[in-house]
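Following: one structure in structure tokens, then a few remarks.
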Amino acid sequence: MSKRDFYDVLGVTKSASAEEIKKAYRKLAIKFHPDKNPGDKAAEDNFKEAAEAYEILSNQEKKQRYDHYGHAGVGGASNGGGYGGGGMNMEDIFSQFGDIFGGGGGSPFESFFGGGQQQSRGGRRVAKGTNLRIKVKLTLEEIANGTEKKIKVNKQISCKPCDGTGAKDRSSVSTCKTCGGSGAVRRVTNTILGQMQTTSTCPTCNGSGQQITAKCTSCHGEGIVRGEETITINIPAGVSDGMQLSMSGKGNAAPSGGIPGDLIILIEEIPHETLKREGNNVVYDLHVSIIDAALGYSAEVPTIDGKAKIKIEPGTQSGKLLRLKGKGIPEINSYHRGDEIIHVNIWTPKALSSEERSMLEKLRESPNFKPQPGKHDKSFFEKMKEYFE
């Protein structure tokens, strides 16, 4: 099932300001919040859909990619990487956008009646690790065909001796007596609308639902240590310079066995020696001698996939554009591929022997070697503009 347009989800236009986008999301989040619609699957789906739309449109970089590429620009690949803004769960929403409602929890009623609850794993509030950002350099060939990269990342990892719990051993972990292991305490408040039940993070265990009596000596009770992890990144074909991909759960580990952060991958394109990228097309400057341009010949040109032969017709003029269909960059998450545009440049020798000069002097007087007013080709920029339009 295809996703709805994010602007339609929030009910705003592309020209909406950041504040208008925030207000639209807050309105929908309150309307479809699980606290207000217990057990309503449709409301929960709408709640998640609104959060995903807000995640993209509230971030200027993601918004620009979405405006340019649509869902493909922020969705990325599904081949094991978990890229993009999709697939948000409730704990992600509450941890990232809880401040939308004016408080630290996930309930929109918190700012009105006090309290609040940040939902998470197993119904308990758990910490989330910070995101990591890395830069990956790709050649034009890797961008065109997609690639797999194995990257060593220095980050916070789960402590192995205590399995990320932060406790010396299992006997050092007990259920919090204040909240009974739920990580939250509940209370009933009388309001002008009647009684309202609210929840807040347990002050004793800070929402974990557990208490540690003896700390792990390796991580000193944090549950995380500094370490190195080799991460396999599957990069889809068609990415562009400056694009960001996201791998869920591959960032820094969280204290006390919480939710890991995400790994943000920034794409950097390595300039090609002979080919220049223009969107999904590539451009190659072919230099042709006056004689070859006049007589015509078979030329060999580089492409992303190797060498290709093209025919230069007799009488080819400088600035002529030739096209190799389907030899460009594929669109991300699409079967369509751009073209290779060959720009023909007539090369004129700077140094001539006396014999060569004599031959050219004779040809100078020939009518065929005199410029033809009104029959010249359009400029290169005019041709490029017409082609891409």
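Every chain in the structure tokens has a letter given in the order shown (A, B, ...), and although residue numbers restart at 1 in each chain, ligands are simply numbered from 1 in the order shown.
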
TODO: Write down as a PyMOL selection string the residues belonging to segment 93-308 of chain A that are assigned helix (DSSP H, G or I) by DSSP computed on the backbone.
DONE: chain A and resi 93-101+110-113+121-123+140-145+170-172+255-257+290-295

Now that the selection is made, can you save its residues with N, CA and C atoms as a tab-separated table (two decimals), in the first residue's frame?
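See again_6.tsv below for the written result:
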chain	number	residue	atom	x	y	z
A	93	ILE	N	8.14	7.65	18.72
A	93	ILE	CA	7.33	8.87	18.67
A	93	ILE	C	7.36	9.60	20.00
A	94	PHE	N	7.17	8.86	21.08
A	94	PHE	CA	7.12	9.50	22.39
A	94	PHE	C	8.48	10.06	22.80
A	95	SER	N	9.56	9.36	22.41
A	95	SER	CA	10.89	9.84	22.81
A	95	SER	C	11.32	11.05	21.99
A	96	GLN	N	10.88	11.12	20.71
A	96	GLN	CA	11.33	12.21	19.83
A	96	GLN	C	10.44	13.44	19.89
A	97	PHE	N	9.12	13.22	20.04
A	97	PHE	CA	8.20	14.34	19.89
A	97	PHE	C	7.38	14.64	21.15
A	98	GLY	N	7.83	14.11	22.30
A	98	GLY	CA	7.10	14.36	23.53
A	98	GLY	C	6.99	15.83	23.86
A	99	ASP	N	8.02	16.62	23.49
A	99	ASP	CA	8.01	18.04	23.83
A	99	ASP	C	6.99	18.83	23.02
A	100	ILE	N	6.42	18.23	21.99
A	100	ILE	CA	5.38	18.90	21.19
A	100	ILE	C	4.22	19.32	22.08
A	101	PHE	N	3.97	18.51	23.12
A	101	PHE	CA	2.80	18.75	23.95
A	101	PHE	C	3.11	19.61	25.17
A	110	GLU	N	-0.84	16.06	29.41
A	110	GLU	CA	0.08	16.38	30.49
A	110	GLU	C	0.15	17.87	30.76
A	111	SER	N	0.23	18.68	29.68
A	111	SER	CA	0.37	20.12	29.86
A	111	SER	C	-0.91	20.75	30.39
A	112	PHE	N	-2.02	20.02	30.32
A	112	PHE	CA	-3.28	20.57	30.81
A	112	PHE	C	-3.56	20.14	32.25
A	113	PHE	N	-3.25	18.86	32.57
A	113	PHE	CA	-3.65	18.31	33.86
A	113	PHE	C	-2.48	17.83	34.71
A	121	ARG	N	9.44	0.40	25.74
A	121	ARG	CA	9.54	-1.05	25.72
A	121	ARG	C	8.86	-1.68	26.92
A	122	GLY	N	7.95	-2.60	26.64
A	122	GLY	CA	7.27	-3.31	27.70
A	122	GLY	C	6.40	-2.42	28.57
A	123	GLY	N	6.01	-1.24	28.08
A	123	GLY	CA	5.19	-0.33	28.86
A	123	GLY	C	5.99	0.51	29.83
A	140	LEU	N	31.13	7.30	-8.71
A	140	LEU	CA	29.97	7.38	-9.58
A	140	LEU	C	29.48	5.98	-9.94
A	141	GLU	N	30.42	5.05	-10.10
A	141	GLU	CA	30.04	3.67	-10.42
A	141	GLU	C	29.28	3.03	-9.25
A	142	GLU	N	29.71	3.29	-8.02
A	142	GLU	CA	29.02	2.74	-6.85
A	142	GLU	C	27.62	3.34	-6.71
A	143	ILE	N	27.51	4.63	-7.02
A	143	ILE	CA	26.21	5.29	-6.95
A	143	ILE	C	25.27	4.72	-8.00
A	144	ALA	N	25.79	4.46	-9.19
A	144	ALA	CA	24.96	3.97	-10.28
A	144	ALA	C	24.47	2.54	-10.06
A	145	ASN	N	25.28	1.72	-9.41
A	145	ASN	CA	24.95	0.30	-9.27
A	145	ASN	C	24.53	-0.10	-7.86
A	170	ARG	N	22.61	-11.07	38.38
A	170	ARG	CA	21.15	-11.07	38.37
A	170	ARG	C	20.56	-10.81	39.75
A	171	SER	N	21.25	-11.28	40.76
A	171	SER	CA	20.73	-11.08	42.12
A	171	SER	C	20.79	-9.63	42.55
A	172	SER	N	21.52	-8.82	41.78
A	172	SER	CA	21.65	-7.39	42.12
A	172	SER	C	20.53	-6.55	41.53
A	255	PRO	N	21.91	3.47	27.98
A	255	PRO	CA	22.16	2.93	29.33
A	255	PRO	C	21.07	1.96	29.76
A	256	SER	N	21.44	1.01	30.59
A	256	SER	CA	20.51	0.08	31.23
A	256	SER	C	19.65	-0.68	30.23
A	257	GLY	N	20.24	-1.05	29.10
A	257	GLY	CA	19.53	-1.87	28.13
A	257	GLY	C	18.41	-1.16	27.41
A	290	ILE	N	39.31	18.55	-36.35
A	290	ILE	CA	38.58	19.13	-37.48
A	290	ILE	C	38.41	18.10	-38.60
A	291	ILE	N	39.44	17.33	-38.84
A	291	ILE	CA	39.40	16.35	-39.93
A	291	ILE	C	38.37	15.26	-39.63
A	292	ASP	N	38.39	14.72	-38.38
A	292	ASP	CA	37.43	13.68	-38.01
A	292	ASP	C	36.01	14.20	-38.04
A	293	ALA	N	35.84	15.46	-37.62
A	293	ALA	CA	34.49	16.05	-37.64
A	293	ALA	C	34.00	16.22	-39.07
A	294	ALA	N	34.92	16.54	-39.98
A	294	ALA	CA	34.54	16.75	-41.38
A	294	ALA	C	34.27	15.42	-42.09
A	295	LEU	N	35.11	14.42	-41.82
A	295	LEU	CA	35.00	13.15	-42.53
A	295	LEU	C	34.10	12.15	-41.82

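Within segment 210-250 of chain A, DSSP run on the backbone puts these residues in strand (DSSP E): Gln210, Gln211, Ile212, Ile224, Val225, Arg226, Gly227, Glu228, Glu229, Thr230, Ile231, Thr232, Ile233, Asn234, Ile235, Gln244, Leu245, Ser246 and Met247 of chain A.
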
Open item on the list: When you look at segment 341-343 of chain A with a cut-off of 10 Å (counting only C-alpha atoms), what residues show up, excluding the ones that are within fewer than 6 positions of it in the same chain? I need them as an MDAnalysis selection string.
Closed with: chainID A and resid 275:278 281:287 301 310 318:325 327:328 380 383:384 387

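If you count only C-alpha atoms and ignore residues fewer than 3 places along the chain from Asn46 of chain A, what sits within 9 Å of it is Val9, Leu28, Ala29, Phe32, His33, Lys41, Ala42, Ala43, Glu49, Ala50 and Ala51 of chain A.
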
Would you save the residues from that selection as a PDB file, in the first residue's frame, using all heavy atoms?
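In the end it all went to result.pdb:
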ATOM      1  N   VAL A   9      -1.383  14.402   4.804  1.00  0.00           N
ATOM      2  CA  VAL A   9      -1.560  13.791   6.125  1.00  0.00           C
ATOM      3  C   VAL A   9      -1.762  14.861   7.191  1.00  0.00           C
ATOM      4  O   VAL A   9      -2.656  14.765   8.039  1.00  0.00           O
ATOM      5  CB  VAL A   9      -0.345  12.907   6.486  1.00  0.00           C
ATOM      6  CG1 VAL A   9      -0.422  12.465   7.947  1.00  0.00           C
ATOM      7  CG2 VAL A   9      -0.275  11.694   5.577  1.00  0.00           C
ATOM      8  N   LEU A  28      -3.467  16.790  15.309  1.00  0.00           N
ATOM      9  CA  LEU A  28      -3.735  15.400  14.955  1.00  0.00           C
ATOM     10  C   LEU A  28      -3.275  14.441  16.051  1.00  0.00           C
ATOM     11  O   LEU A  28      -3.934  13.426  16.323  1.00  0.00           O
ATOM     12  CB  LEU A  28      -3.033  15.048  13.640  1.00  0.00           C
ATOM     13  CG  LEU A  28      -3.589  15.707  12.374  1.00  0.00           C
ATOM     14  CD1 LEU A  28      -2.703  15.385  11.183  1.00  0.00           C
ATOM     15  CD2 LEU A  28      -5.008  15.240  12.107  1.00  0.00           C
ATOM     16  N   ALA A  29      -2.127  14.751  16.686  1.00  0.00           N
ATOM     17  CA  ALA A  29      -1.595  13.880  17.733  1.00  0.00           C
ATOM     18  C   ALA A  29      -2.545  13.817  18.926  1.00  0.00           C
ATOM     19  O   ALA A  29      -2.732  12.759  19.535  1.00  0.00           O
ATOM     20  CB  ALA A  29      -0.216  14.375  18.172  1.00  0.00           C
ATOM     21  N   PHE A  32      -5.702  11.688  17.819  1.00  0.00           N
ATOM     22  CA  PHE A  32      -5.529  10.244  17.658  1.00  0.00           C
ATOM     23  C   PHE A  32      -4.666   9.600  18.738  1.00  0.00           C
ATOM     24  O   PHE A  32      -4.295   8.433  18.613  1.00  0.00           O
ATOM     25  CB  PHE A  32      -4.916   9.945  16.283  1.00  0.00           C
ATOM     26  CG  PHE A  32      -5.783  10.338  15.125  1.00  0.00           C
ATOM     27  CD1 PHE A  32      -5.373  11.328  14.237  1.00  0.00           C
ATOM     28  CD2 PHE A  32      -7.008   9.737  14.925  1.00  0.00           C
ATOM     29  CE1 PHE A  32      -6.172  11.700  13.166  1.00  0.00           C
ATOM     30  CE2 PHE A  32      -7.817  10.097  13.850  1.00  0.00           C
ATOM     31  CZ  PHE A  32      -7.404  11.086  12.976  1.00  0.00           C
ATOM     32  N   HIS A  33      -4.331  10.331  19.796  1.00  0.00           N
ATOM     33  CA  HIS A  33      -3.435   9.811  20.829  1.00  0.00           C
ATOM     34  C   HIS A  33      -4.015   8.555  21.473  1.00  0.00           C
ATOM     35  O   HIS A  33      -5.219   8.472  21.737  1.00  0.00           O
ATOM     36  CB  HIS A  33      -3.185  10.882  21.896  1.00  0.00           C
ATOM     37  CG  HIS A  33      -2.010  10.574  22.756  1.00  0.00           C
ATOM     38  ND1 HIS A  33      -2.064   9.687  23.801  1.00  0.00           N
ATOM     39  CD2 HIS A  33      -0.734  11.042  22.720  1.00  0.00           C
ATOM     40  CE1 HIS A  33      -0.888   9.619  24.378  1.00  0.00           C
ATOM     41  NE2 HIS A  33      -0.061  10.421  23.747  1.00  0.00           N
ATOM     42  N   LYS A  41      -7.218   0.611  16.830  1.00  0.00           N
ATOM     43  CA  LYS A  41      -6.083   0.391  15.915  1.00  0.00           C
ATOM     44  C   LYS A  41      -6.019   1.466  14.834  1.00  0.00           C
ATOM     45  O   LYS A  41      -4.930   1.912  14.459  1.00  0.00           O
ATOM     46  CB  LYS A  41      -6.229  -0.985  15.262  1.00  0.00           C
ATOM     47  CG  LYS A  41      -5.050  -1.379  14.366  1.00  0.00           C
ATOM     48  CD  LYS A  41      -3.765  -1.506  15.163  1.00  0.00           C
ATOM     49  CE  LYS A  41      -2.657  -2.147  14.346  1.00  0.00           C
ATOM     50  NZ  LYS A  41      -2.313  -1.400  13.135  1.00  0.00           N
ATOM     51  N   ALA A  42      -7.194   1.892  14.329  1.00  0.00           N
ATOM     52  CA  ALA A  42      -7.200   2.914  13.274  1.00  0.00           C
ATOM     53  C   ALA A  42      -6.637   4.226  13.789  1.00  0.00           C
ATOM     54  O   ALA A  42      -5.866   4.901  13.102  1.00  0.00           O
ATOM     55  CB  ALA A  42      -8.629   3.120  12.756  1.00  0.00           C
ATOM     56  N   ALA A  43      -6.994   4.587  15.024  1.00  0.00           N
ATOM     57  CA  ALA A  43      -6.472   5.822  15.620  1.00  0.00           C
ATOM     58  C   ALA A  43      -4.960   5.727  15.830  1.00  0.00           C
ATOM     59  O   ALA A  43      -4.229   6.693  15.608  1.00  0.00           O
ATOM     60  CB  ALA A  43      -7.177   6.106  16.945  1.00  0.00           C
ATOM     61  N   GLU A  49       1.119   7.716  11.510  1.00  0.00           N
ATOM     62  CA  GLU A  49       1.242   8.359  10.200  1.00  0.00           C
ATOM     63  C   GLU A  49       1.519   9.847  10.343  1.00  0.00           C
ATOM     64  O   GLU A  49       2.367  10.409   9.646  1.00  0.00           O
ATOM     65  CB  GLU A  49      -0.045   8.142   9.401  1.00  0.00           C
ATOM     66  CG  GLU A  49       0.012   8.693   7.977  1.00  0.00           C
ATOM     67  CD  GLU A  49      -1.285   8.529   7.234  1.00  0.00           C
ATOM     68  OE1 GLU A  49      -2.351   8.820   7.826  1.00  0.00           O
ATOM     69  OE2 GLU A  49      -1.253   8.135   6.054  1.00  0.00           O
ATOM     70  N   ALA A  50       0.825  10.483  11.286  1.00  0.00           N
ATOM     71  CA  ALA A  50       1.035  11.917  11.518  1.00  0.00           C
ATOM     72  C   ALA A  50       2.438  12.181  12.052  1.00  0.00           C
ATOM     73  O   ALA A  50       3.101  13.150  11.660  1.00  0.00           O
ATOM     74  CB  ALA A  50      -0.016  12.446  12.497  1.00  0.00           C
ATOM     75  N   ALA A  51       2.916  11.295  12.943  1.00  0.00           N
ATOM     76  CA  ALA A  51       4.264  11.456  13.506  1.00  0.00           C
ATOM     77  C   ALA A  51       5.330  11.302  12.439  1.00  0.00           C
ATOM     78  O   ALA A  51       6.327  12.028  12.420  1.00  0.00           O
ATOM     79  CB  ALA A  51       4.480  10.442  14.636  1.00  0.00           C
TER      80      ALA A  51
END

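If you look at atom CA of Tyr25 of chain A and atom CA of Lys3 of chain A, they are 17.1 Å away from each other.
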
- [ ] Find the residue from A:Cys176, A:Cys205, A:Leu360, A:Ile151 that sits nearest to Glu228 of chain A; use only C-alpha atoms when measuring.
- [x] A:Ile151
